[in-house]
Amino acid sequence: MTADLFDAAAMYDEDYLHFFASPGGGSAPTHGPVVGTAYAATSAAADIVWRLLDLRPGMSVLDLACGHGALANALAARGCEVTGLDSSAVFLDRARTDAAAMGVDVEYVAGDMRRLPGWTGRFDRLVNWTTAFGYFDDPANRNVLAEIARVLRPGGRMAMDLDNLARFLASYTPSRITAARENGDMLVDRHHWDPLTGRFEVERTVVRDGQVRRLTFLKRLFGFPELRDWCTAAGFTTVAGYGEDGRPLNAGHDRMMVIAELP
């Protein structure tokens, strides 16, 4: 296997939760928190997932790259049997804490989305939410789709939420600043888009409690036709694209929601 393209553990850590999943924090670009005003966003995400995946209480659902559990916990609260998998121990600790506070039962598992446990045919539905796909080289990204197809039952469905490439490029900015507190804590992101690889790279500077550290992360961006073809190659027979309002995808949507079904 090729080496990871960036250090995910350094990216998805306690600093991330400090800025994006705590009262007064910024708007999370990867996994929505369940605190503060972001609760409404999590509820809205659960609403659209419920509708697009035709979810029902009692269905088994895998939240792949579940982050700190906002969506997984919300779906469990609606009666689904939810498993959440993520590579970040910090995020999983937060997810378990929030699940306990909500009084919901979610099985949280530490793991790598490229090599899922022996769950062949276990799940009715799978969610991969808020740009939690595309963090590896293309062969590894394709393997993630094959693993998704493997753990779903026949007729199972996947919902994947990503940046809408057309809208993303139209609103592209070279940098962004996220401030979390009045004490001067902030994230400064410098952006680079490579059209030859389809990768979006971010050089991040974290300023917290007077300390400064730097890291780099990247993600692969997709247009719908490319990802549709990848899903088809992984074994899905029906693949549809929607925007964040649940309507057919267009260039004005901020998000691209891909719904894929196995035969």
# chains A, B, ... in the order shown; residues from 1 in each chain; ligands from 1

call {"tool": "residues_around", "arguments": {"residues": "Asn73 in chain A", "least_positions_apart": "2", "cutoff": "9 Å", "atoms": "only C-alpha atoms", "output": "number ranges by chain"}}
result
A: 69-71, 75-78, 82, 95, 98-99, 102, 104-106

call {"tool": "write_last_selection", "arguments": {"atoms": "C-alpha atoms", "output": "PDB file, in the first residue's frame"}}
result
ATOM      1  CA  GLY A  69     -20.443  11.162  16.126  1.00  0.00           C
ATOM      2  CA  ALA A  70     -22.927  13.927  15.462  1.00  0.00           C
ATOM      3  CA  LEU A  71     -24.802  12.191  12.651  1.00  0.00           C
ATOM      4  CA  LEU A  75     -29.622   8.471  13.593  1.00  0.00           C
ATOM      5  CA  ALA A  76     -29.430   6.263  16.674  1.00  0.00           C
ATOM      6  CA  ALA A  77     -31.836   8.627  18.433  1.00  0.00           C
ATOM      7  CA  ARG A  78     -34.294   7.949  15.609  1.00  0.00           C
ATOM      8  CA  VAL A  82     -25.753   2.457  14.283  1.00  0.00           C
ATOM      9  CA  ALA A  95     -18.591  10.546  20.122  1.00  0.00           C
ATOM     10  CA  ASP A  98     -21.998  12.635  23.476  1.00  0.00           C
ATOM     11  CA  ALA A  99     -23.847   9.346  22.906  1.00  0.00           C
ATOM     12  CA  MET A 102     -27.959  11.737  24.698  1.00  0.00           C
ATOM     13  CA  VAL A 104     -28.307   6.542  22.720  1.00  0.00           C
ATOM     14  CA  ASP A 105     -26.477   3.302  21.977  1.00  0.00           C
ATOM     15  CA  VAL A 106     -23.902   3.454  19.164  1.00  0.00           C
TER      16      VAL A 106
END

call {"tool": "residues_around", "arguments": {"residues": "range 246-255 of chain A", "least_positions_apart": "4", "cutoff": "6 Å", "atoms": "only C-alpha atoms", "output": "count of residues only"}}
result
7

call {"tool": "atom_distance", "arguments": {"atom1": "CA of Arg114 in chain A", "atom2": "CA of Asn141 in chain A"}}
result
7.8 Å

call {"tool": "select_by_dssp", "arguments": {"residues": "range 25-203 of chain A", "states": "alpha helix (DSSP H)", "output": "ChimeraX atom specification"}}
result
/A:38-52,70-77,89-102,138-151,165-170

call {"tool": "atom_distance", "arguments": {"atom1": "CA of Ala234 in chain A", "atom2": "CA of Gly155 in chain A"}}
result
14.0 Å

call {"tool": "closest_residue", "arguments": {"among": "A:Pro174, A:Pro117, A:Pro139, A:Gly184", "to": "Val207 in chain A", "atoms": "only C-alpha atoms"}}
result
A:Gly184

call {"tool": "atom_distance", "arguments": {"atom1": "CA of Arg176 in chain A", "atom2": "CA of His192 in chain A"}}
result
11.8 Å

call {"tool": "closest_residue", "arguments": {"among": "A:Glu226, A:Glu14, A:Glu147, A:Asp63", "to": "Glu107 in chain A", "atoms": "only C-alpha atoms"}}
result
A:Asp63

call {"tool": "decode", "arguments": {"residues": "range 86-109 of chain A", "atoms": "N, CA, C and O atoms", "output": "tab-separated table (two decimals), in the first residue's frame"}}
result
chain	number	residue	atom	x	y	z
A	86	ASP	N	-14.09	5.33	12.84
A	86	ASP	CA	-13.21	6.46	12.56
A	86	ASP	C	-11.79	6.09	12.99
A	86	ASP	O	-11.60	5.20	13.84
A	87	SER	N	-10.81	6.78	12.42
A	87	SER	CA	-9.41	6.52	12.77
A	87	SER	C	-8.92	7.38	13.92
A	87	SER	O	-7.82	7.14	14.44
A	88	SER	N	-9.70	8.38	14.33
A	88	SER	CA	-9.26	9.32	15.36
A	88	SER	C	-9.77	8.90	16.74
A	88	SER	O	-10.97	8.91	17.00
A	89	ALA	N	-8.85	8.56	17.63
A	89	ALA	CA	-9.23	8.20	19.00
A	89	ALA	C	-9.86	9.38	19.72
A	89	ALA	O	-10.80	9.21	20.51
A	90	VAL	N	-9.38	10.59	19.46
A	90	VAL	CA	-9.93	11.79	20.08
A	90	VAL	C	-11.39	11.97	19.67
A	90	VAL	O	-12.27	12.23	20.51
A	91	PHE	N	-11.68	11.81	18.39
A	91	PHE	CA	-13.05	11.96	17.91
A	91	PHE	C	-13.96	10.87	18.50
A	91	PHE	O	-15.10	11.13	18.89
A	92	LEU	N	-13.46	9.64	18.55
A	92	LEU	CA	-14.29	8.55	19.07
A	92	LEU	C	-14.59	8.73	20.55
A	92	LEU	O	-15.71	8.43	20.99
A	93	ASP	N	-13.64	9.25	21.31
A	93	ASP	CA	-13.91	9.53	22.72
A	93	ASP	C	-15.03	10.56	22.86
A	93	ASP	O	-15.93	10.41	23.69
A	94	ARG	N	-14.98	11.59	22.02
A	94	ARG	CA	-16.03	12.61	22.05
A	94	ARG	C	-17.37	12.02	21.63
A	94	ARG	O	-18.42	12.31	22.23
A	95	ALA	N	-17.35	11.16	20.60
A	95	ALA	CA	-18.59	10.55	20.12
A	95	ALA	C	-19.24	9.71	21.21
A	95	ALA	O	-20.46	9.76	21.41
A	96	ARG	N	-18.45	8.92	21.92
A	96	ARG	CA	-18.99	8.09	23.00
A	96	ARG	C	-19.54	8.94	24.14
A	96	ARG	O	-20.60	8.62	24.71
A	97	THR	N	-18.84	10.01	24.47
A	97	THR	CA	-19.30	10.90	25.53
A	97	THR	C	-20.64	11.53	25.16
A	97	THR	O	-21.57	11.58	25.98
A	98	ASP	N	-20.75	12.01	23.92
A	98	ASP	CA	-22.00	12.63	23.48
A	98	ASP	C	-23.14	11.62	23.40
A	98	ASP	O	-24.29	11.92	23.73
A	99	ALA	N	-22.82	10.38	22.97
A	99	ALA	CA	-23.85	9.35	22.91
A	99	ALA	C	-24.40	9.05	24.30
A	99	ALA	O	-25.62	8.91	24.49
A	100	ALA	N	-23.49	8.97	25.26
A	100	ALA	CA	-23.93	8.72	26.64
A	100	ALA	C	-24.80	9.85	27.15
A	100	ALA	O	-25.82	9.62	27.82
A	101	ALA	N	-24.41	11.09	26.83
A	101	ALA	CA	-25.18	12.24	27.28
A	101	ALA	C	-26.57	12.27	26.64
A	101	ALA	O	-27.54	12.73	27.26
A	102	MET	N	-26.68	11.77	25.40
A	102	MET	CA	-27.96	11.74	24.70
A	102	MET	C	-28.78	10.51	25.07
A	102	MET	O	-29.97	10.43	24.71
A	103	GLY	N	-28.16	9.54	25.71
A	103	GLY	CA	-28.87	8.32	26.06
A	103	GLY	C	-29.11	7.41	24.87
A	103	GLY	O	-30.11	6.69	24.83
A	104	VAL	N	-28.17	7.41	23.89
A	104	VAL	CA	-28.31	6.54	22.72
A	104	VAL	C	-27.18	5.53	22.71
A	104	VAL	O	-26.11	5.75	23.30
A	105	ASP	N	-27.43	4.41	22.03
A	105	ASP	CA	-26.48	3.30	21.98
A	105	ASP	C	-25.89	3.22	20.57
A	105	ASP	O	-26.60	2.87	19.62
A	106	VAL	N	-24.61	3.55	20.43
A	106	VAL	CA	-23.90	3.45	19.16
A	106	VAL	C	-22.62	2.66	19.40
A	106	VAL	O	-21.91	2.88	20.38
A	107	GLU	N	-22.34	1.72	18.51
A	107	GLU	CA	-21.09	0.97	18.59
A	107	GLU	C	-20.01	1.76	17.86
A	107	GLU	O	-20.04	1.88	16.63
A	108	TYR	N	-19.07	2.33	18.59
A	108	TYR	CA	-17.99	3.10	17.98
A	108	TYR	C	-16.73	2.25	17.90
A	108	TYR	O	-16.31	1.63	18.89
A	109	VAL	N	-16.15	2.21	16.70
A	109	VAL	CA	-15.03	1.32	16.40
A	109	VAL	C	-13.88	2.13	15.81
A	109	VAL	O	-14.09	2.96	14.91
